[in-house]
There are 2 protein chains.
Amino acid sequence: MMKPRRVTSQDVADAAGVSRTTVSLVINKVPGAQISEETRRRVIAAALELGYVPDAAARALVSRRSQIIGLVLARRPGQVATDGFLTQMLDGLLEVVHNSDLRLLFDIVDPEHQKKAYLELVRAKHIDGIILSGPRFDDEALLALEKDKVPVVLIGRLPGSDIPSVDIDNCSAARTAVEHLIKLGHSRIACITNASLSYTAAADRLTGYRTALEGAGIPYDQRLVRFGDFNVESGYKQMHILLNKKVHFTAIFVASDEVALGVKAAIREHGLRIPQDIAMVAFDDLPISAYVDPPLTTIAVPAVQLARQASAMLIKLLKNEELSHRQLILNSSLQIRMSCGAKLMDTNRVQSRHQNNLSVNKGGSIE
Amino acid sequence: MMKPRRVTSQDVADAAGVSRTTVSLVINKVPGAQISEETRRRVIAAALELGYVPDAAARALVSRRSQIIGLVLARRPGQVATDGFLTQMLDGLLEVVHNSDLRLLFDIVDPEHQKKAYLELVRAKHIDGIILSGPRFDDEALLALEKDKVPVVLIGRLPGSDIPSVDIDNCSAARTAVEHLIKLGHSRIACITNASLSYTAAADRLTGYRTALEGAGIPYDQRLVRFGDFNVESGYKQMHILLNKKVHFTAIFVASDEVALGVKAAIREHGLRIPQDIAMVAFDDLPISAYVDPPLTTIAVPAVQLARQASAMLIKLLKNEELSHRQLILNSSLQIRMSCGAKLMDTNRVQSRHQNNLSVNKGGSIE
DNA sequence: TTGCTATACTAACACGTGTTACTAACGCGT
DNA sequence: ACGCGTTAGTAACACGTGTTAGTATAGCAA
């Protein structure tokens, strides 16, 4: 049994009785090409007949474009498994990527060890450009990329660099969240971050928390602050530590819905109720957050749109088009549900469907 | 300002005073090559000095290997955003993929329209092989792949095909779940599937449900069965429909944790309690499921290990090694927590940390 | 006839690598 | 001197495509 040789453009050319060049011109619909309708049809017929599919590698070699863009996270293996934000980004990316006939490569880079991993990814021209989500302050490889003039777009921000980026205003969003708690009468407000402060988003959200306290003249109490690590489990652990410290507080700001779920469980296990004993505001507004019990009051981050915008920007960079904005800030908003206790003040009954705000902001155009 | 030309292996050869062939032999550590230690060092020094990174496209062209494998889901855009299972799979895949110096390409294929999309993906040799998760009965393109002898591994199963696959026994797992409810005294048990019955896993889980009922002599009541669509929202909607029908039931089997969260919210809004009014068993055991309120009794699916095994099998296929098992079935297990009411029978107090089973099965070796 | 333009194509090069077949040099026994 | 194996390295081809520069034909004006 013979292994059937690959169908090349030469085969198509032979079958159609033209040159390989002509085949290329027809297949790629080259704008200025002079091809008679008659031969065009013959070529297409032959290609279809033979099942011709251009070789991606050969094409990439000569055109110097792999038609693949990379989504990279600075995470350790194991931290991906629970990332509810990631799937939303993937969704947004795939949408744009499909419209531009690109492919999406996904990878993570261990922030501790192999910082240069994605440098090689792009130097090898495996991918044409990178979308890096969740940048860290200590990422030197990223600056190397910038120097290499590699197309990069950040989802998030990295102060001191000029890399194009899409983000929300984490600081003021966090501030809004905490101010909401303050308005509800709380003054002892704890905080659990979404991640280590090496991540710029985590640092910004903590800053927002501090700013809100400051604005209300509430002193910052370090004992009320702990650090999450992306996943549910970290929230669960940190909240147990916090509760066991027996430092008094009546509300908490958790800078991630995912982490907040763990926090919630820990609170429950201590026999406390949300929001009656501890009011809670979280951050991200994952699709599930409106459905958990109690529904989370949280900052709605337009994850899908962040991804859409980032990929749209990256594609512009790949085409050497000028960006209208190098730093883009999308709007976030506070979704008031049950966990903060604001709505519970009106009524003590079981919440009706009407009260339980399940609305989701859809749409939003690209650039 | 000149655009600096790419560093090629020729540049390295010149710098080291050897031929390009020698550079290739050194860089790739070709086993039988006769290279003196002295020149080997010179070559490596030169490569490091110049920052040489082999061109992926050129390498792929000549070696006929892209070193990329694809993870493909049969989903519509928008269905990815909430998939808690996906992130777990990505985690498992990345682990294996990194160990083999491969890359991971992620894509979805709209099951209605463009079934042949991933056929082209592999015909273009963009990727060396495919891991297809969540196959559907009506996927003809998949059979075409099999005929093309393209390396494919299924996460899930497709009856009537001989494609290598990794899966759990969805049918018997679902049966276990429902039998658990029956043992607790329930006989009016509703069911909401995880997805449309075009997906083999959804069909299998429904079959398990029916089998359990049959085994207990409980008649199948079609009015108690509805179909989810992967996400929370579908569970919420379907459960509202179910509850509004005023058909009596005391328990429900939801074939997906994600969907179950929506179901939970709907039950709550109707003023009913879990498990006192409606007992619930779900399916998947997402990382968050132990932390929601009440913690879900659910079938633990070893998602990360499914992905690990699938990628390990795919890599074997790529190396033309023989598979020890073409169809691999991993174990699933029922995680009994609060939502089914089993533990509530012992006590009516707030559950202690001890009772709230937060243990996670880790580990498990590869092939 | 010559010259010019527009049309419809094609020959040939370039992209950067892996690999096979071959060679040059050297040591060594006879 | 001769033959022969071993070591260390290289020349040259192949992979399949995009693209530039060039050619052949026809049409048409002068």
# chains A, B, ... in the order shown; residues from 1 in each chain; ligands from 1

call {"tool": "select_by_dssp", "arguments": {"residues": "segment 191-362 of chain B", "states": "alpha helix (DSSP H)", "output": "PyMOL selection string"}}
result
chain B and resi 200-215+232-244+257-269+303-318

call {"tool": "calpha_fit_and_write", "arguments": {"fixed": "chain A", "moving": "chain B", "output": "short mmCIF file (atom, residue, chain, number, x, y, z; two decimals) with C-alpha atoms, in the first residue's frame"}}
result
data_model
loop_
_atom_site.label_atom_id
_atom_site.label_comp_id
_atom_site.auth_asym_id
_atom_site.auth_seq_id
_atom_site.Cartn_x
_atom_site.Cartn_y
_atom_site.Cartn_z
CA MET B 1 -0.13 -0.03 0.13
CA MET B 2 1.46 3.18 -1.12
CA LYS B 3 1.42 6.29 0.95
CA PRO B 4 -0.21 8.83 -1.34
CA ARG B 5 2.07 11.78 -1.98
CA ARG B 6 0.92 15.21 -0.95
CA VAL B 7 -1.03 17.22 -3.49
CA THR B 8 1.04 20.26 -4.39
CA SER B 9 0.29 23.33 -6.41
CA GLN B 10 2.35 21.73 -9.16
CA ASP B 11 -0.15 18.90 -9.38
CA VAL B 12 -2.94 21.39 -9.72
CA ALA B 13 -0.98 23.26 -12.38
CA ASP B 14 -0.42 20.09 -14.38
CA ALA B 15 -4.05 19.09 -14.11
CA ALA B 16 -5.22 22.49 -15.27
CA GLY B 17 -2.55 22.78 -17.95
CA VAL B 18 -1.06 25.98 -16.57
CA SER B 19 2.01 27.00 -14.64
CA ARG B 20 2.37 26.84 -10.90
CA THR B 21 2.52 30.61 -10.77
CA THR B 22 -0.92 30.85 -12.29
CA VAL B 23 -2.27 28.48 -9.69
CA SER B 24 -0.83 30.61 -6.94
CA LEU B 25 -2.32 33.75 -8.44
CA VAL B 26 -5.73 32.18 -8.67
CA ILE B 27 -5.75 30.54 -5.26
CA ASN B 28 -4.65 33.69 -3.49
CA LYS B 29 -6.87 35.95 -5.56
CA VAL B 30 -3.99 38.32 -6.17
CA PRO B 31 -5.50 41.71 -7.02
CA GLY B 32 -3.51 42.90 -10.03
CA ALA B 33 -3.19 39.51 -11.69
CA GLN B 34 -4.18 39.05 -15.29
CA ILE B 35 -6.07 35.79 -15.42
CA SER B 36 -8.82 35.00 -17.89
CA GLU B 37 -12.06 33.83 -16.44
CA GLU B 38 -11.72 30.61 -18.41
CA THR B 39 -8.41 29.49 -16.91
CA ARG B 40 -9.42 30.72 -13.49
CA ARG B 41 -12.28 28.27 -13.54
CA ARG B 42 -10.07 25.45 -14.78
CA VAL B 43 -7.62 26.02 -11.96
CA ILE B 44 -10.28 26.10 -9.29
CA ALA B 45 -11.91 22.99 -10.68
CA ALA B 46 -8.61 21.14 -10.67
CA ALA B 47 -7.81 22.27 -7.13
CA LEU B 48 -11.18 21.12 -5.88
CA GLU B 49 -10.90 17.87 -7.76
CA LEU B 50 -7.51 17.03 -6.27
CA GLY B 51 -8.38 18.35 -2.83
CA TYR B 52 -5.50 20.78 -2.83
CA VAL B 53 -4.70 22.52 0.43
CA PRO B 54 -1.70 24.87 0.44
CA ASP B 55 1.05 23.83 2.80
CA ALA B 56 1.09 26.11 5.80
CA ALA B 57 4.79 25.70 6.48
CA ALA B 58 5.88 26.48 2.95
CA ARG B 59 3.60 29.44 2.87
CA ALA B 60 4.89 30.68 6.21
CA LEU B 61 8.47 30.23 5.10
CA VAL B 62 8.19 32.39 2.04
CA SER B 63 5.66 34.91 3.27
CA ARG B 64 7.28 35.22 6.68
CA ARG B 65 3.89 35.00 8.31
CA SER B 66 2.67 31.99 10.24
CA GLN B 67 -0.88 33.32 10.49
CA ILE B 68 -0.86 32.29 14.11
CA ILE B 69 -1.12 34.58 17.07
CA GLY B 70 -0.33 33.56 20.59
CA LEU B 71 -2.22 34.06 23.79
CA VAL B 72 0.20 33.85 26.68
CA LEU B 73 -0.41 33.92 30.40
CA ALA B 74 2.22 34.37 33.06
CA ARG B 75 1.09 31.43 35.13
CA ARG B 76 2.38 28.26 36.63
CA PRO B 77 1.00 24.98 35.40
CA GLY B 78 -1.97 24.16 37.59
CA GLN B 79 -3.11 27.74 37.82
CA VAL B 80 -4.93 27.49 34.54
CA ALA B 81 -7.40 24.82 35.60
CA THR B 82 -9.68 27.18 37.48
CA ASP B 83 -9.35 30.38 35.52
CA GLY B 84 -12.86 31.50 34.68
CA PHE B 85 -11.50 34.60 33.04
CA LEU B 86 -9.48 32.65 30.52
CA THR B 87 -12.42 31.02 28.82
CA GLN B 88 -14.04 34.37 28.32
CA MET B 89 -10.92 35.73 26.72
CA LEU B 90 -10.62 32.70 24.48
CA ASP B 91 -14.12 33.29 23.31
CA GLY B 92 -13.43 36.87 22.36
CA LEU B 93 -10.15 36.01 20.72
CA LEU B 94 -11.53 33.19 18.62
CA GLU B 95 -14.22 35.41 17.25
CA VAL B 96 -11.79 37.98 15.89
CA VAL B 97 -9.18 35.45 14.93
CA HIS B 98 -11.62 33.50 12.81
CA ASN B 99 -12.71 36.59 10.98
CA SER B 100 -9.11 37.25 9.98
CA ASP B 101 -8.26 33.69 9.00
CA LEU B 102 -5.76 33.40 11.77
CA ARG B 103 -5.12 30.65 14.29
CA LEU B 104 -4.70 30.86 18.00
CA LEU B 105 -1.87 29.31 19.93
CA PHE B 106 -2.19 29.14 23.67
CA ASP B 107 0.62 28.95 26.15
CA ILE B 108 1.61 29.77 29.66
CA VAL B 109 4.97 30.89 30.92
CA ASP B 110 6.09 30.06 34.40
CA PRO B 111 6.80 33.48 35.83
CA GLU B 112 9.53 32.22 38.12
CA HIS B 113 11.65 30.15 35.85
CA GLN B 114 11.42 30.40 32.11
CA LYS B 115 10.71 34.00 31.39
CA LYS B 116 12.32 33.84 28.01
CA ALA B 117 10.10 31.05 26.75
CA TYR B 118 7.81 33.22 24.70
CA LEU B 119 10.69 35.20 23.38
CA GLU B 120 11.76 32.09 21.52
CA LEU B 121 8.21 31.44 20.48
CA VAL B 122 8.16 34.59 18.45
CA ARG B 123 11.82 34.56 17.42
CA ALA B 124 11.23 31.21 15.82
CA LYS B 125 8.36 32.93 14.03
CA HIS B 126 6.07 30.26 15.30
CA ILE B 127 3.66 33.09 15.91
CA ASP B 128 3.30 36.49 14.31
CA GLY B 129 2.38 38.32 17.46
CA ILE B 130 1.53 37.95 21.10
CA ILE B 131 -1.33 38.83 23.34
CA LEU B 132 -0.05 38.74 26.87
CA SER B 133 -2.65 38.69 29.56
CA GLY B 134 -1.96 39.53 33.16
CA PRO B 135 1.51 41.06 33.00
CA ARG B 136 3.84 41.17 35.97
CA PHE B 137 6.13 43.96 37.05
CA ASP B 138 9.16 41.72 36.90
CA ASP B 139 8.77 40.59 33.33
CA GLU B 140 11.99 41.51 31.57
CA ALA B 141 11.33 39.28 28.61
CA LEU B 142 8.41 41.48 27.77
CA LEU B 143 10.65 44.48 27.51
CA ALA B 144 12.98 42.48 25.30
CA LEU B 145 10.06 41.82 23.00
CA GLU B 146 9.32 45.50 22.84
CA LYS B 147 12.91 46.18 21.87
CA ASP B 148 12.73 43.49 19.19
CA LYS B 149 9.75 45.34 17.74
CA VAL B 150 7.65 42.22 17.98
CA PRO B 151 3.92 42.88 17.74
CA VAL B 152 2.62 42.61 21.30
CA VAL B 153 -0.58 43.69 22.92
CA LEU B 154 -1.17 43.57 26.62
CA ILE B 155 -4.42 42.71 28.32
CA GLY B 156 -3.59 44.61 31.44
CA ARG B 157 -0.95 47.25 31.86
CA LEU B 158 2.75 47.50 32.55
CA PRO B 159 3.79 50.89 33.85
CA GLY B 160 6.93 52.31 32.32
CA SER B 161 6.52 50.57 29.02
CA ASP B 162 5.01 51.79 25.80
CA ILE B 163 3.51 48.46 24.77
CA PRO B 164 0.01 48.76 23.33
CA SER B 165 -2.52 47.61 25.86
CA VAL B 166 -6.17 47.12 26.64
CA ASP B 167 -7.34 47.25 30.20
CA ILE B 168 -9.90 48.51 32.61
CA ASP B 169 -9.06 50.98 35.33
CA ASN B 170 -8.44 48.44 38.06
CA CYS B 171 -7.59 51.02 40.63
CA SER B 172 -10.70 53.14 40.34
CA ALA B 173 -12.91 50.09 39.88
CA ALA B 174 -11.64 48.63 43.13
CA ARG B 175 -12.14 51.99 44.72
CA THR B 176 -15.74 52.06 43.56
CA ALA B 177 -16.28 48.61 45.01
CA VAL B 178 -14.90 49.53 48.41
CA GLU B 179 -16.63 52.89 48.47
CA HIS B 180 -19.86 51.02 47.96
CA LEU B 181 -19.18 49.09 51.15
CA ILE B 182 -18.32 52.29 52.96
CA LYS B 183 -21.56 53.89 51.84
CA LEU B 184 -23.40 50.95 53.32
CA GLY B 185 -21.93 51.90 56.67
CA HIS B 186 -18.94 49.62 56.92
CA SER B 187 -15.66 50.87 58.23
CA ARG B 188 -13.89 47.65 59.15
CA ILE B 189 -13.29 46.25 55.66
CA ALA B 190 -10.95 43.38 54.93
CA CYS B 191 -9.33 42.67 51.57
CA ILE B 192 -8.16 39.57 49.81
CA THR B 193 -6.33 40.20 46.56
CA ASN B 194 -6.79 38.23 43.39
CA ALA B 195 -3.13 37.34 43.14
CA SER B 196 0.39 38.15 44.23
CA LEU B 197 1.31 41.82 44.02
CA SER B 198 3.82 41.01 41.30
CA TYR B 199 0.82 41.12 39.00
CA THR B 200 0.05 44.69 38.09
CA ALA B 201 -3.70 44.15 38.25
CA ALA B 202 -3.44 42.83 41.80
CA ALA B 203 -1.37 45.78 42.88
CA ASP B 204 -3.76 48.23 41.26
CA ARG B 205 -6.79 46.71 42.93
CA LEU B 206 -5.14 46.86 46.30
CA THR B 207 -4.28 50.48 45.66
CA GLY B 208 -7.92 51.17 44.87
CA TYR B 209 -8.87 49.59 48.17
CA ARG B 210 -6.45 51.78 50.05
CA THR B 211 -7.52 54.89 48.21
CA ALA B 212 -11.15 54.32 49.12
CA LEU B 213 -10.28 53.86 52.78
CA GLU B 214 -8.15 56.97 52.75
CA GLY B 215 -10.92 58.99 51.15
CA ALA B 216 -13.20 58.02 54.01
CA GLY B 217 -10.62 58.65 56.67
CA ILE B 218 -10.41 54.99 57.59
CA PRO B 219 -6.93 53.90 58.67
CA TYR B 220 -5.30 51.10 56.69
CA ASP B 221 -4.95 47.99 58.81
CA GLN B 222 -2.47 45.53 57.43
CA ARG B 223 -3.93 42.68 59.45
CA LEU B 224 -7.07 42.86 57.34
CA VAL B 225 -5.25 42.26 54.06
CA ARG B 226 -4.31 38.90 52.59
CA PHE B 227 -3.24 37.65 49.20
CA GLY B 228 -5.13 35.28 46.95
CA ASP B 229 -3.59 33.21 44.20
CA PHE B 230 -6.14 33.11 41.37
CA ASN B 231 -8.06 30.05 42.47
CA VAL B 232 -10.93 29.17 44.80
CA GLU B 233 -8.74 27.25 47.14
CA SER B 234 -6.53 30.22 47.91
CA GLY B 235 -9.58 32.26 48.86
CA TYR B 236 -10.78 29.49 51.11
CA LYS B 237 -7.45 29.21 52.88
CA GLN B 238 -6.77 32.90 53.24
CA MET B 239 -10.23 33.58 54.59
CA HIS B 240 -9.84 30.89 57.21
CA ILE B 241 -6.62 32.49 58.31
CA LEU B 242 -8.27 35.87 58.41
CA LEU B 243 -11.23 34.64 60.44
CA ASN B 244 -9.05 32.76 62.87
CA LYS B 245 -7.10 35.90 63.62
CA LYS B 246 -10.17 37.28 65.36
CA VAL B 247 -9.54 40.76 64.02
CA HIS B 248 -12.88 42.48 63.79
CA PHE B 249 -14.38 43.36 60.41
CA THR B 250 -17.88 43.55 58.97
CA ALA B 251 -17.17 43.58 55.25
CA ILE B 252 -14.67 42.29 52.75
CA PHE B 253 -13.46 43.21 49.30
CA VAL B 254 -12.25 40.19 47.34
CA ALA B 255 -10.48 41.17 44.13
CA SER B 256 -11.60 38.10 42.17
CA ASP B 257 -14.88 36.23 41.90
CA GLU B 258 -13.07 32.95 41.71
CA VAL B 259 -11.24 33.63 44.95
CA ALA B 260 -14.45 35.01 46.41
CA LEU B 261 -16.15 31.65 46.06
CA GLY B 262 -13.57 30.16 48.37
CA VAL B 263 -13.97 33.07 50.73
CA LYS B 264 -17.69 32.51 50.80
CA ALA B 265 -17.24 28.85 51.71
CA ALA B 266 -14.90 29.72 54.55
CA ILE B 267 -17.30 32.29 55.94
CA ARG B 268 -20.10 29.76 55.82
CA GLU B 269 -18.04 27.19 57.66
CA HIS B 270 -17.44 29.65 60.43
CA GLY B 271 -21.17 29.86 60.90
CA LEU B 272 -21.37 33.39 59.55
CA ARG B 273 -23.80 34.71 56.99
CA ILE B 274 -23.34 36.86 53.90
CA PRO B 275 -24.23 39.69 53.91
CA GLN B 276 -25.74 39.86 57.41
CA ASP B 277 -22.51 39.11 59.26
CA ILE B 278 -20.01 39.92 56.55
CA ALA B 279 -20.80 41.96 53.48
CA MET B 280 -18.85 41.13 50.38
CA VAL B 281 -17.95 42.79 47.11
CA ALA B 282 -15.90 40.93 44.53
CA PHE B 283 -14.29 41.54 41.15
CA ASP B 284 -14.64 40.15 37.61
CA ASP B 285 -18.30 39.25 37.27
CA LEU B 286 -17.79 35.79 35.89
CA PRO B 287 -20.81 34.32 34.13
CA ILE B 288 -21.55 32.16 37.16
CA SER B 289 -21.36 34.98 39.68
CA ALA B 290 -24.94 36.08 39.18
CA TYR B 291 -26.10 32.56 39.93
CA VAL B 292 -24.27 31.65 43.11
CA ASP B 293 -25.86 32.04 46.52
CA PRO B 294 -25.89 34.81 47.45
CA PRO B 295 -25.36 36.38 44.01
CA LEU B 296 -22.16 38.34 44.04
CA THR B 297 -22.01 42.08 44.07
CA THR B 298 -18.99 42.52 41.88
CA ILE B 299 -17.14 44.67 39.40
CA ALA B 300 -18.15 43.68 35.89
CA VAL B 301 -15.06 43.32 33.74
CA PRO B 302 -15.79 43.13 30.02
CA ALA B 303 -13.50 40.17 29.47
CA VAL B 304 -14.75 39.21 26.05
CA GLN B 305 -14.45 42.75 24.83
CA LEU B 306 -10.99 43.15 26.28
CA ALA B 307 -9.98 40.14 24.24
CA ARG B 308 -11.74 41.38 21.13
CA GLN B 309 -10.06 44.74 21.34
CA ALA B 310 -6.67 43.27 22.07
CA SER B 311 -6.82 40.95 19.10
CA ALA B 312 -8.15 43.70 16.87
CA MET B 313 -5.22 45.87 17.89
CA LEU B 314 -2.75 43.08 17.35
CA ILE B 315 -4.10 42.46 13.88
CA LYS B 316 -3.66 46.13 13.08
CA LEU B 317 -0.09 45.94 14.24
CA LEU B 318 0.49 42.94 12.00
CA LYS B 319 -0.79 44.90 9.04
CA ASN B 320 1.48 47.78 9.98
CA GLU B 321 -1.50 50.00 10.42
CA GLU B 322 -1.38 52.82 12.89
CA LEU B 323 -3.28 52.35 16.15
CA SER B 324 -5.79 55.02 17.03
CA HIS B 325 -5.07 54.47 20.72
CA ARG B 326 -2.02 52.70 22.04
CA GLN B 327 -3.53 52.40 25.50
CA LEU B 328 -7.18 51.58 25.63
CA ILE B 329 -9.26 51.65 28.80
CA LEU B 330 -12.63 49.94 28.74
CA ASN B 331 -15.42 50.64 31.19
CA SER B 332 -16.16 48.47 34.14
CA SER B 333 -19.16 48.81 36.36
CA LEU B 334 -20.38 47.72 39.75
CA GLN B 335 -23.05 45.04 39.58
CA ILE B 336 -25.03 45.30 42.76
CA ARG B 337 -26.55 41.99 43.78
CA MET B 338 -26.97 40.34 47.15
CA SER B 339 -23.58 39.72 48.69
CA CYS B 340 -23.04 43.33 49.71
CA GLY B 341 -26.30 43.63 51.61
CA ALA B 342 -27.52 46.74 49.84
CA LYS B 343 -30.64 45.10 48.51
CA LEU B 344 -31.28 43.16 51.67
CA MET B 345 -31.99 46.42 53.45
CA ASP B 346 -35.23 46.75 51.54
CA THR B 347 -36.55 43.31 52.33
CA ASN B 348 -35.76 40.22 54.28
CA ARG B 349 -37.75 37.87 52.12
CA VAL B 350 -36.42 35.43 49.59
CA GLN B 351 -35.19 37.47 46.66
CA SER B 352 -37.47 37.50 43.68
CA ARG B 353 -36.33 36.96 40.16
CA HIS B 354 -36.76 40.64 39.61
CA GLN B 355 -34.38 41.65 42.35
CA ASN B 356 -31.77 39.14 41.42
CA ASN B 357 -29.99 41.05 38.72
CA LEU B 358 -29.13 38.58 36.04
CA SER B 359 -28.73 41.03 33.20
CA VAL B 360 -25.57 40.72 31.18
CA ASN B 361 -24.09 43.49 29.10
CA LYS B 362 -23.70 42.20 25.58
CA GLY B 363 -22.29 43.77 22.48
CA GLY B 364 -19.96 46.69 22.16
CA SER B 365 -18.22 47.40 18.90
CA ILE B 366 -14.61 46.85 17.98
CA GLU B 367 -12.36 49.88 17.65
#

call {"tool": "residues_around", "arguments": {"residues": "DC28 of chain D", "least_positions_apart": "2", "cutoff": "10 Å", "atoms": "only C-alpha atoms (C1' of nucleotides)", "output": "PDB file with C-alpha atoms (C1' of nucleotides), in the first residue's frame"}}
result
ATOM      1  C1'  DC C   4       3.558  50.554 -28.931  1.00  0.00           C
ATOM      2  C1'  DT C   5       0.282  48.897 -25.367  1.00  0.00           C
TER       3       DT C   5
ATOM      4  C1'  DA D  26      -2.577  39.971 -30.256  1.00  0.00           C
ATOM      5  C1'  DA D  30       1.119  55.350 -37.974  1.00  0.00           C
TER       6       DA D  30
END

call {"tool": "select_by_dssp", "arguments": {"residues": "segment 60-262 of chain A", "states": "strand (DSSP E)", "output": "PyMOL selection string"}}
result
chain A and resi 68-73+103-108+129-133+152-155+165-168+189-193+225-227+251-254

call {"tool": "write_last_selection", "arguments": {"atoms": "C-alpha atoms", "output": "mmCIF file, in the first residue's frame"}}
result
data_model
loop_
_atom_site.group_PDB
_atom_site.id
_atom_site.type_symbol
_atom_site.label_atom_id
_atom_site.label_comp_id
_atom_site.auth_asym_id
_atom_site.auth_seq_id
_atom_site.Cartn_x
_atom_site.Cartn_y
_atom_site.Cartn_z
ATOM 1 C CA ILE A 68 -0.866 32.247 14.119
ATOM 2 C CA ILE A 69 -1.120 34.551 17.080
ATOM 3 C CA GLY A 70 -0.327 33.518 20.593
ATOM 4 C CA LEU A 71 -2.208 34.031 23.807
ATOM 5 C CA VAL A 72 0.209 33.825 26.678
ATOM 6 C CA LEU A 73 -0.392 33.900 30.391
ATOM 7 C CA ARG A 103 -5.126 30.612 14.298
ATOM 8 C CA LEU A 104 -4.704 30.826 18.010
ATOM 9 C CA LEU A 105 -1.863 29.276 19.933
ATOM 10 C CA PHE A 106 -2.171 29.103 23.682
ATOM 11 C CA ASP A 107 0.639 28.910 26.149
ATOM 12 C CA ILE A 108 1.637 29.749 29.661
ATOM 13 C CA GLY A 129 2.375 38.292 17.461
ATOM 14 C CA ILE A 130 1.524 37.919 21.098
ATOM 15 C CA ILE A 131 -1.324 38.804 23.346
ATOM 16 C CA LEU A 132 -0.051 38.718 26.877
ATOM 17 C CA SER A 133 -2.648 38.664 29.561
ATOM 18 C CA VAL A 152 2.622 42.573 21.293
ATOM 19 C CA VAL A 153 -0.593 43.669 22.910
ATOM 20 C CA LEU A 154 -1.185 43.538 26.616
ATOM 21 C CA ILE A 155 -4.418 42.687 28.315
ATOM 22 C CA SER A 165 -2.526 47.578 25.850
ATOM 23 C CA VAL A 166 -6.182 47.097 26.637
ATOM 24 C CA ASP A 167 -7.349 47.225 30.182
ATOM 25 C CA ILE A 168 -9.909 48.488 32.600
ATOM 26 C CA ILE A 189 -13.271 46.276 55.647
ATOM 27 C CA ALA A 190 -10.933 43.408 54.917
ATOM 28 C CA CYS A 191 -9.309 42.689 51.562
ATOM 29 C CA ILE A 192 -8.130 39.571 49.800
ATOM 30 C CA THR A 193 -6.319 40.202 46.545
ATOM 31 C CA VAL A 225 -5.238 42.260 54.049
ATOM 32 C CA ARG A 226 -4.285 38.914 52.587
ATOM 33 C CA PHE A 227 -3.206 37.653 49.186
ATOM 34 C CA ALA A 251 -17.159 43.607 55.237
ATOM 35 C CA ILE A 252 -14.644 42.307 52.754
ATOM 36 C CA PHE A 253 -13.444 43.218 49.293
ATOM 37 C CA VAL A 254 -12.217 40.199 47.324
#

call {"tool": "interface_residues", "arguments": {"of": "chain C", "to": "chain A", "cutoff": "8 Å", "atoms": "only C-alpha atoms (C1' of nucleotides)", "output": "PyMOL selection string"}}
result
chain C and resi 7-10+14-16

call {"tool": "write_last_selection", "arguments": {"atoms": "N, CA and C atoms (P, O5', C5', C4', C3', O3' and C1' of nucleotides)", "output": "short mmCIF file (atom, residue, chain, number, x, y, z; two decimals), in the first residue's frame"}}
result
data_model
loop_
_atom_site.label_atom_id
_atom_site.label_comp_id
_atom_site.auth_asym_id
_atom_site.auth_seq_id
_atom_site.Cartn_x
_atom_site.Cartn_y
_atom_site.Cartn_z
P DT C 7 -5.69 45.50 -20.40
"O5'" DT C 7 -5.40 44.00 -20.79
"C5'" DT C 7 -5.92 43.49 -22.02
"C4'" DT C 7 -5.39 42.10 -22.24
"C3'" DT C 7 -5.58 41.14 -21.07
"O3'" DT C 7 -6.29 40.02 -21.53
"C1'" DT C 7 -3.37 41.01 -21.91
P DA C 8 -6.81 38.90 -20.49
"O5'" DA C 8 -5.60 37.89 -20.50
"C5'" DA C 8 -5.32 37.14 -21.68
"C4'" DA C 8 -4.19 36.20 -21.40
"C3'" DA C 8 -4.33 35.43 -20.08
"O3'" DA C 8 -4.01 34.07 -20.32
"C1'" DA C 8 -2.23 36.48 -20.17
P DC C 9 -4.43 32.99 -19.17
"O5'" DC C 9 -3.09 32.96 -18.32
"C5'" DC C 9 -2.25 31.91 -18.58
"C4'" DC C 9 -0.84 32.43 -18.95
"C3'" DC C 9 0.25 31.77 -18.15
"O3'" DC C 9 0.55 30.52 -18.72
"C1'" DC C 9 0.72 34.07 -18.68
P DT C 10 1.09 29.35 -17.84
"O5'" DT C 10 2.64 29.70 -17.82
"C5'" DT C 10 3.31 29.95 -19.04
"C4'" DT C 10 4.72 30.37 -18.75
"C3'" DT C 10 5.45 29.49 -17.72
"O3'" DT C 10 6.75 29.26 -18.20
"C1'" DT C 10 5.55 31.74 -17.05
P DA C 14 18.15 34.39 -5.55
"O5'" DA C 14 17.17 34.46 -4.31
"C5'" DA C 14 16.12 35.41 -4.27
"C4'" DA C 14 15.20 35.07 -3.13
"C3'" DA C 14 15.92 34.49 -1.91
"O3'" DA C 14 15.56 35.22 -0.76
"C1'" DA C 14 14.14 33.06 -2.58
P DC C 15 16.45 35.07 0.57
"O5'" DC C 15 15.46 34.41 1.60
"C5'" DC C 15 14.10 34.79 1.71
"C4'" DC C 15 13.34 33.68 2.38
"C3'" DC C 15 14.18 32.83 3.31
"O3'" DC C 15 14.10 33.36 4.62
"C1'" DC C 15 12.66 31.52 1.99
P DG C 16 15.52 33.59 5.41
"O5'" DG C 16 15.78 32.15 6.06
"C5'" DG C 16 14.84 31.67 6.99
"C4'" DG C 16 15.07 30.21 7.25
"C3'" DG C 16 16.49 29.87 7.73
"O3'" DG C 16 16.38 29.12 8.90
"C1'" DG C 16 15.86 28.48 5.93
#
